[in-house]
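Asks: Please find one structure pasted underneath; my questions will follow.
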Amino acid sequence: MPARGWPKAFASAPGDREALAVLLSLVSLTPRRLLEAARGRGSASACLRAVRAGRLGSDGDRAYSQKLDGAAMLAKLSSTGARLVAVHEGEYPGELLDLFDPPAGLFVRGLPLGRLQPRVAIVGARNCSPGGGEIASLLGAALARARVCVVSGGARGIDAAAHRGALDEGGASVGVLGCGIDVAYPRQNRRLLERIVESGALVSEYPPGVRAEPFRFPARNRIVAALAKAVVVVEGAAGSGSMITSDHALDVGRDVFAVPSAVTSPLSWAPHTLIRDGATLIRGPEDLLVDLGLEAADAEAWCAEGHPTAAGLAGAERQVWEALTAASPPDSLARRTGLALPEVVSALVGLEMRSLVRHLGGRYERRAQKRGSS
Amino acid sequence: MGEPTLRVVYGRVFGVAVVGVHGCLINVEAHVGRGLPALTLSGLPGAGVQDARERVRPAVESSGLEWPLRRVVVNLSPAGVRKDGPGFDLPIALGVVAASGQVPGRHLSRYAFAGELSLKGELVATAGILAVAIAAAQGGLQGVVVPEANLAEAELVEGLQVVAAPSLAAVVDFLRGEWVPEPSRAPRAPPDDRSSTVDFSEVRGQGVARRALEIAAAGGHNALLIGPPGAGKTMLARRLPSILPTMTRQEALEVTRLHSVAGILAGGGLVDSRPFRAPHHTISPAGLLGGGSGFLRPGEASLAHQGVLFLDEFTEFRRDAVEGLRQPLEDGRIVVARASGAVEFPARFALVAASNPCPCGFDGDLRRNCRCLPNRLDAYRQRLSGPMLDRVDIQLPVPRLTRAELLGSDPGEASSIIRARVEDARDRQRARMASSSWRCNAHMPGAMARREARLTDRAEALLSAAVESLTLTGRSFDRALKVARTIADLAGRERVEAEHIAEALSYRAASPSWEVAQVG
């Protein structure tokens with residue numbers, strides 16, 4: 001039976017939203033199970049009565065549900081600036097109903113989700129490389145300039161870079177959390193999550209206070225995928241969660257894009273596997289915007305050949321730049337250019353000062369460039 | 001009529017107390033008098049000297065001499081000087097032997113005696129003999145009587161007769177005029193012969209590391225090598241002594257004396273190659289800095305005097321041990337305080353620290369992903385910064401080279417070639433700083449560094465731009481200046497130019513990871 005079969009009146013009667021708040025706190029009521037119960041019983045209040053009577057859900061949940069007070073929960077929510085958005089309510093994103101197991105409700109903080117459209121997701125490894133983070137940031141920025149909202153998981157690494165890229169450009173971002181809306185996870189991202197709320201929204205299917213656990217992330221990834229019209233995978237090692245996100249995306253018919261990188265990097269596994277399986281290869285923001293059918297006038301080129309800053313290089317700096325086709329230690333560059341090692345090293349420092357190269361563990365590599373940076 | 005007068009006999013012999021690295025002449029007086037047979041030591045002997053009581057009598061008897069069955073008192077004066085270590089066996093034994101009339105006293109006052117005795121009366125290799133010999137010479141004595149095994153080091157003191165004896169019996173025979181030591185059999189160490197077995201020509205690739213170590217050697221800068229396991233950090237550090245300037249004889253003597261006091265000379269003579277000390281990271285503060293109860297030994301930092309102290313796995317060292325290195329890095333000496341006074345050990349060394357870039361070791365590696373969580377990464381990086389490493393002017397990454405990078409690399413220059421450049425640069429520094437009390441760039445205070453640099457205009461501009469774009473702190477600014485001054489000295493330039501600044505900046509401390517640097 002199609003998932004769109006959520007009863008229209010599930011959360012519309014008085015008391016239903018309070019009941020929903022309690023239902024969402026019950027561990028044994030997975031979204032799918034709740035959906036099936038709802039089809040039988042029609043409303044959230046009816047479902048809750050069934051739980052409290054022991055006819056639905058586990059014994060543990062029955063006991064727990066007796067202790068919860070839905071009205072108090074909703075009041076507490078609104079005092080923290082959050083709200084519960086139930087299925088079929090105006091703000092509830094209809095795209096989520098494409099899922100096999102859409103959430104019955106979402107806890108939200110921030111702007112109305114209806115205003116945060118269109119949405120594209122950027123996902124990838126937590127322990128990404130600096131290059132990958134840079135790319136995610138540039139993609140986020142480009143989408144923001146094109147007035148697209150960037151969706152991601154609020155995790156460190158690619159997610160955080162994508163969020164920041166969009167926010168720094170003055171755009172909006174939606175973070176889907178694998179924990180309660182009030183829990184800052186990881187701790188280092190607390191400030192970032194606040195920024196997301198200021199110009200976008202934080203979303204979670206878990207009630208406030210729920211801690212982040214690894215098993216919640218795959219479930220959260222399906223919401224990231226369904227909320228967006230496309231998913232971009234930037235980096236991911238074998239076994240990465242971004243594969244789960246892209247699987248969900250394919251299940252609900254969203255486009256999947258992937259950014260390639262050096263085959264020797266373990267983090268290229270996920271994007272390359274996806275590309276082999278048919279995801280669209282994008283070389284940078286320009287490709288992404290073109291493929292999404294968005295105005296590409298503001299998009300910037302990926303590599304910096306012909307780029308004003310790189311074009312302005314002279315002498316040793318130019319020679320070293322041109323020889324720097326892959327991450328190299330200065331020795332190799334000295335051999336390639338024929339320059340003396342001290343000269344190569346000072347040229348590299350000059351390039352570093354112009355933000356054209358990055359130093360990583362003894363090797364130097366080119367950085368992706370934003371057009372118009374000085 | 002009075003009681004029959006007992007013949008009271010007295011003997012006096014010179015011994016030497018080694019405190020720190022200096023020896024102090026001690027009068028070892030022995031008195032054989034009325035009373036039950038006993039041996040008493042007075043004059044505040046330390047635990048090591050108290051031990052001598054047990055050894056001396058068997059040694060004397062094994063040497064075919066008599067031990068007086070009277071009350072024997074041995075006094076070590078002046079009492080205020082700390083006396084410790086095993087070198088007093090010989091003078092105490094001789095004092096008693098002289099006091100009991102078994103040895104003529106007329107030669108005794110010309111020599112200082114030192115050495116540990118075995119129960120059979122043999123003279124055993126003893127620590128600190130060089131310090132003893134120096135003290136004897138400074139005290140105006142004609143010579144020194146020491147164990148045979150320590151002949152080579154005692155001979156380093158000029159103008160001093162060295163009697164190297166195998167046993168107490170031989171010493172007694174010598175004093176009776178019945179034995180003469182054979183002419184010196186110790187092989188003369190060929191002067192200035194670099195017997196170092198490691199050389200920079202054995203290093204492939206890692207041109208940046210070789211260059212950085214050359215700069216470190218030239219300017220006396222400390223260095224931190226950061227890289228994954230197997231990258232070659234130890235191999236590089238081990239070769240640093242081979243490019244440091246050749247030691248002067250005075251410096252070599254200093255080192256030999258330290259090693260002698262520590263008991264690690266192993267019968268050798270002059271230590272002519274710069275030491276390389278690589279203590280394990282579990283070392284205690286006393287082991288690293290010196291001390292211990294009783295006989296104060298020099299620590300690894302002092303044993304690295306005039307050489308290289310290599311601290312591998314720097315983050316694993318005990319904090320209190322590492323903190324104690326601040327003083328020697330500042331003024332080249334370690335002061336060990338004790339209730340009886342403070343003892344100073346010289347400790348001017350080049351510090352080379354090595355570390356992984358992160359707990360798993362593979363941050364920044366091309367082939368293996370770093371699996372460290374941010375908290376652990378931050379905590380680790382914290383340990384790589386801080387006041388200790390603020391004194392490290394040169395930080396360089398040592399990557400694990402790929403096969404292609406290794407195969408494509410040229411063999412390195414020989415150490416002797418690099419050393420020649422280093423020595424030239426040092427000469428220029430000394431000449432430039434002749435009117436100050438510093439002799440190398442690394443020790444210059446910040447204000448002086450700015451003056452000595454004599455930056456060209458382009459260099460000034462570059463440095464200002466760098467402060468902005470590379471977010472230099474005040475300290476990294478000073479460090480960059482000093483390193484640039486050394487680079488200019490290596491290039492034979494009077495003024496520091498822009499490319500020297502640029503290269504110096506490449507050795508600055510690694511900035512926090514791009515991720516940690518984001519706020520919000």
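In the structure tokens, chains take letters A, B, ... by order of appearance, with residues numbered from 1 within each chain and ligands from 1 in the order shown.
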Using only C-alpha atoms, tabulate the residues of chain B lying at most 6 Å from any atom of chain A, each with its closest atom pair and that distance in Å to one decimal, by chain and increasing residue number, as a Markdown table.
Replies:
| residue | atom | partner | partner_atom | distance |
| --- | --- | --- | --- | --- |
| B:Gly207 | CA | A:Asp331 | CA | 5.6 |
| B:Gly364 | CA | A:Gly361 | CA | 4.8 |
| B:Pro397 | CA | A:Gly362 | CA | 4.7 |
| B:Val398 | CA | A:Gly362 | CA | 5.9 |
| B:Pro399 | CA | A:Gly362 | CA | 5.3 |
| B:Ser469 | CA | A:Met353 | CA | 5.6 |
| B:Glu499 | CA | A:Ser346 | CA | 5.7 |
| B:Ala502 | CA | A:Ser346 | CA | 4.5 |
| B:Glu503 | CA | A:Ser346 | CA | 4.6 |
| B:Gly520 | CA | A:Arg191 | CA | 4.4 |
Asks: How would the residues just chosen look if you wrote them out with C-alpha atoms as a tab-separated table (two decimals), in the first residue's frame?
Replies:
chain	number	residue	atom	x	y	z
B	207	GLY	CA	65.31	17.08	0.61
B	364	GLY	CA	47.93	13.81	6.02
B	397	PRO	CA	56.79	17.47	8.27
B	398	VAL	CA	58.48	14.24	7.28
B	399	PRO	CA	56.06	12.45	4.98
B	469	SER	CA	47.66	35.92	5.43
B	499	GLU	CA	63.26	34.53	-0.26
B	502	ALA	CA	59.72	32.86	2.61
B	503	GLU	CA	61.74	29.76	3.22
B	520	GLY	CA	30.88	28.54	14.27
Asks: If you count only C-alpha atoms, which residues fall within 12 Å of Gly165 in chain A, apart from same-chain ones fewer than 4 positions away, as a VMD selection string?
Replies: (chain A and resid 122 133 to 145 149 to 152 158 to 161 169 to 173 192 195 to 196 285 370) or (chain B and resid 518 520)
Asks: For those residues, write N, CA and C atoms to a file as a compact mmCIF listing (two decimals), in the first residue's frame.
Replies:
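Result file follows (selection.txt):
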# COMPACT_ATOMS: atom_id res chain seq x y z
N ILE A 122 23.95 17.86 0.51
CA ILE A 122 25.38 17.58 0.30
C ILE A 122 25.83 16.72 1.48
N GLY A 133 36.60 19.02 2.04
CA GLY A 133 35.85 20.01 2.79
C GLY A 133 35.72 21.31 2.02
N GLU A 134 36.81 21.65 1.36
CA GLU A 134 36.80 22.88 0.57
C GLU A 134 35.76 22.79 -0.54
N ILE A 135 35.74 21.64 -1.20
CA ILE A 135 34.80 21.44 -2.31
C ILE A 135 33.36 21.50 -1.80
N ALA A 136 33.12 20.84 -0.66
CA ALA A 136 31.76 20.85 -0.11
C ALA A 136 31.35 22.28 0.20
N SER A 137 32.29 23.04 0.71
CA SER A 137 32.02 24.43 1.06
C SER A 137 31.69 25.25 -0.18
N LEU A 138 32.46 25.04 -1.23
CA LEU A 138 32.21 25.79 -2.48
C LEU A 138 30.87 25.41 -3.09
N LEU A 139 30.53 24.11 -3.02
CA LEU A 139 29.24 23.69 -3.55
C LEU A 139 28.12 24.34 -2.75
N GLY A 140 28.27 24.33 -1.42
CA GLY A 140 27.25 24.96 -0.59
C GLY A 140 27.09 26.43 -0.92
N ALA A 141 28.22 27.10 -1.11
CA ALA A 141 28.18 28.53 -1.42
C ALA A 141 27.50 28.77 -2.76
N ALA A 142 27.83 27.93 -3.73
CA ALA A 142 27.25 28.12 -5.06
C ALA A 142 25.73 27.91 -5.02
N LEU A 143 25.31 26.90 -4.28
CA LEU A 143 23.88 26.65 -4.18
C LEU A 143 23.19 27.81 -3.48
N ALA A 144 23.85 28.32 -2.44
CA ALA A 144 23.26 29.45 -1.72
C ALA A 144 23.08 30.64 -2.65
N ARG A 145 24.11 30.91 -3.45
CA ARG A 145 23.99 32.05 -4.38
C ARG A 145 22.86 31.84 -5.37
N CYS A 149 18.45 25.94 -0.93
CA CYS A 149 18.74 25.63 0.47
C CYS A 149 19.56 24.36 0.56
N VAL A 150 20.62 24.38 1.37
CA VAL A 150 21.51 23.22 1.47
C VAL A 150 21.09 22.34 2.64
N VAL A 151 20.80 21.09 2.37
CA VAL A 151 20.41 20.14 3.41
C VAL A 151 21.59 19.25 3.73
N SER A 152 21.80 19.01 5.02
CA SER A 152 22.82 18.04 5.36
C SER A 152 22.59 17.55 6.77
N ILE A 158 32.28 16.84 5.91
CA ILE A 158 31.62 17.35 4.70
C ILE A 158 30.33 18.08 5.07
N ASP A 159 29.52 17.50 5.94
CA ASP A 159 28.25 18.14 6.31
C ASP A 159 28.51 19.55 6.81
N ALA A 160 29.41 19.66 7.79
CA ALA A 160 29.66 20.98 8.39
C ALA A 160 30.19 21.95 7.33
N ALA A 161 31.06 21.47 6.46
CA ALA A 161 31.62 22.35 5.42
C ALA A 161 30.53 22.85 4.49
N GLU A 169 27.71 32.40 2.71
CA GLU A 169 27.29 33.11 1.51
C GLU A 169 25.96 33.81 1.74
N GLY A 170 25.46 33.75 2.97
CA GLY A 170 24.19 34.41 3.26
C GLY A 170 22.99 33.59 2.88
N GLY A 171 23.24 32.29 2.66
CA GLY A 171 22.12 31.45 2.25
C GLY A 171 21.50 30.73 3.44
N ALA A 172 20.61 29.79 3.11
CA ALA A 172 19.90 29.06 4.14
C ALA A 172 20.31 27.60 4.11
N SER A 173 20.14 26.95 5.27
CA SER A 173 20.54 25.56 5.36
C SER A 173 19.59 24.82 6.28
N LEU A 192 27.68 26.21 15.01
CA LEU A 192 27.19 26.03 13.64
C LEU A 192 25.70 25.73 13.64
N ARG A 195 23.72 28.79 14.07
CA ARG A 195 23.68 29.59 12.83
C ARG A 195 22.65 29.03 11.85
N ILE A 196 22.59 27.69 11.80
CA ILE A 196 21.63 27.08 10.89
C ILE A 196 20.21 27.49 11.28
N PRO A 285 30.91 23.29 -8.83
CA PRO A 285 29.61 23.95 -8.71
C PRO A 285 28.93 24.20 -10.05
N LYS A 370 37.75 30.16 -5.59
CA LYS A 370 36.49 30.89 -5.85
C LYS A 370 36.83 32.03 -6.78
N GLN B 518 37.99 26.37 12.13
CA GLN B 518 36.67 26.98 11.91
C GLN B 518 36.03 27.25 13.26
N GLY B 520 32.25 28.21 14.62
CA GLY B 520 30.88 28.54 14.27
C GLY B 520 30.47 28.01 12.91
Asks: Name the residues in contact with Ala131 in chain B at a cut-off of 12 Å, using only C-alpha atoms, excluding same-chain residues fewer than 5 positions from it; report them as a ChimeraX atom specification.
Replies: /B:15-25,87,112,114,126,136-138,144,146,150,153-157,253-263
Asks: What is the distance between CA of Leu462 in chain B and CA of Gly315 in chain A, in Å to one decimal?
Replies: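 Separation between CA of Leu462 in chain B and CA of Gly315 in chain A: 16.4 Å.
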Asks: Can you tell me, as an MDAnalysis selection string, which residues in range 33-242 of chain A count as strand (DSSP E or B) by DSSP?
Replies: chainID A and resid 82:86 105:110 119:123 149:152 173:176 201:204 230:233
Asks: Residues at most 8 Å from Thr280 in chain A, counting only C-alpha atoms, excluding those fewer than 2 positions away in the same chain, as a list in words?
Replies: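 That gives Val256, Phe257, Ala258, Ile275, Gly278 and Ile282 of chain A.
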Asks: Could you write out the selected residues, including N, CA and C atoms, as a PDB file, in the first residue's frame?
Replies:
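Saved result, out-v9.pdb, follows:
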ATOM      1  N   VAL A 256      21.302  11.632  -7.931  1.00  0.00           N
ATOM      2  CA  VAL A 256      22.512  11.522  -7.115  1.00  0.00           C
ATOM      3  C   VAL A 256      23.706  12.018  -7.931  1.00  0.00           C
ATOM      4  N   PHE A 257      24.449  12.928  -7.322  1.00  0.00           N
ATOM      5  CA  PHE A 257      25.665  13.444  -7.946  1.00  0.00           C
ATOM      6  C   PHE A 257      26.862  13.053  -7.089  1.00  0.00           C
ATOM      7  N   ALA A 258      27.997  12.929  -7.734  1.00  0.00           N
ATOM      8  CA  ALA A 258      29.193  12.576  -6.971  1.00  0.00           C
ATOM      9  C   ALA A 258      30.399  13.327  -7.509  1.00  0.00           C
ATOM     10  N   ILE A 275      29.508   6.716  -9.067  1.00  0.00           N
ATOM     11  CA  ILE A 275      29.628   7.113 -10.481  1.00  0.00           C
ATOM     12  C   ILE A 275      29.598   5.886 -11.371  1.00  0.00           C
ATOM     13  N   GLY A 278      26.199   4.755 -11.885  1.00  0.00           N
ATOM     14  CA  GLY A 278      25.301   5.606 -12.661  1.00  0.00           C
ATOM     15  C   GLY A 278      25.059   6.997 -12.109  1.00  0.00           C
ATOM     16  N   ILE A 282      30.102  15.254 -11.199  1.00  0.00           N
ATOM     17  CA  ILE A 282      30.221  16.700 -11.339  1.00  0.00           C
ATOM     18  C   ILE A 282      31.635  17.110 -10.974  1.00  0.00           C
TER      19      ILE A 282
END
Asks: Just want the 9 Å neighbourhood of Phe276 in chain B, counted on only C-alpha atoms, with same-chain residues fewer than 3 positions away dropped. Output as a list of chain:residue names.
Replies: B:Ala237, B:Arg238, B:Arg239, B:Leu240, B:Pro241, B:Leu303, B:Ala304, B:Gly307, B:Val308, B:Leu309, B:Phe310
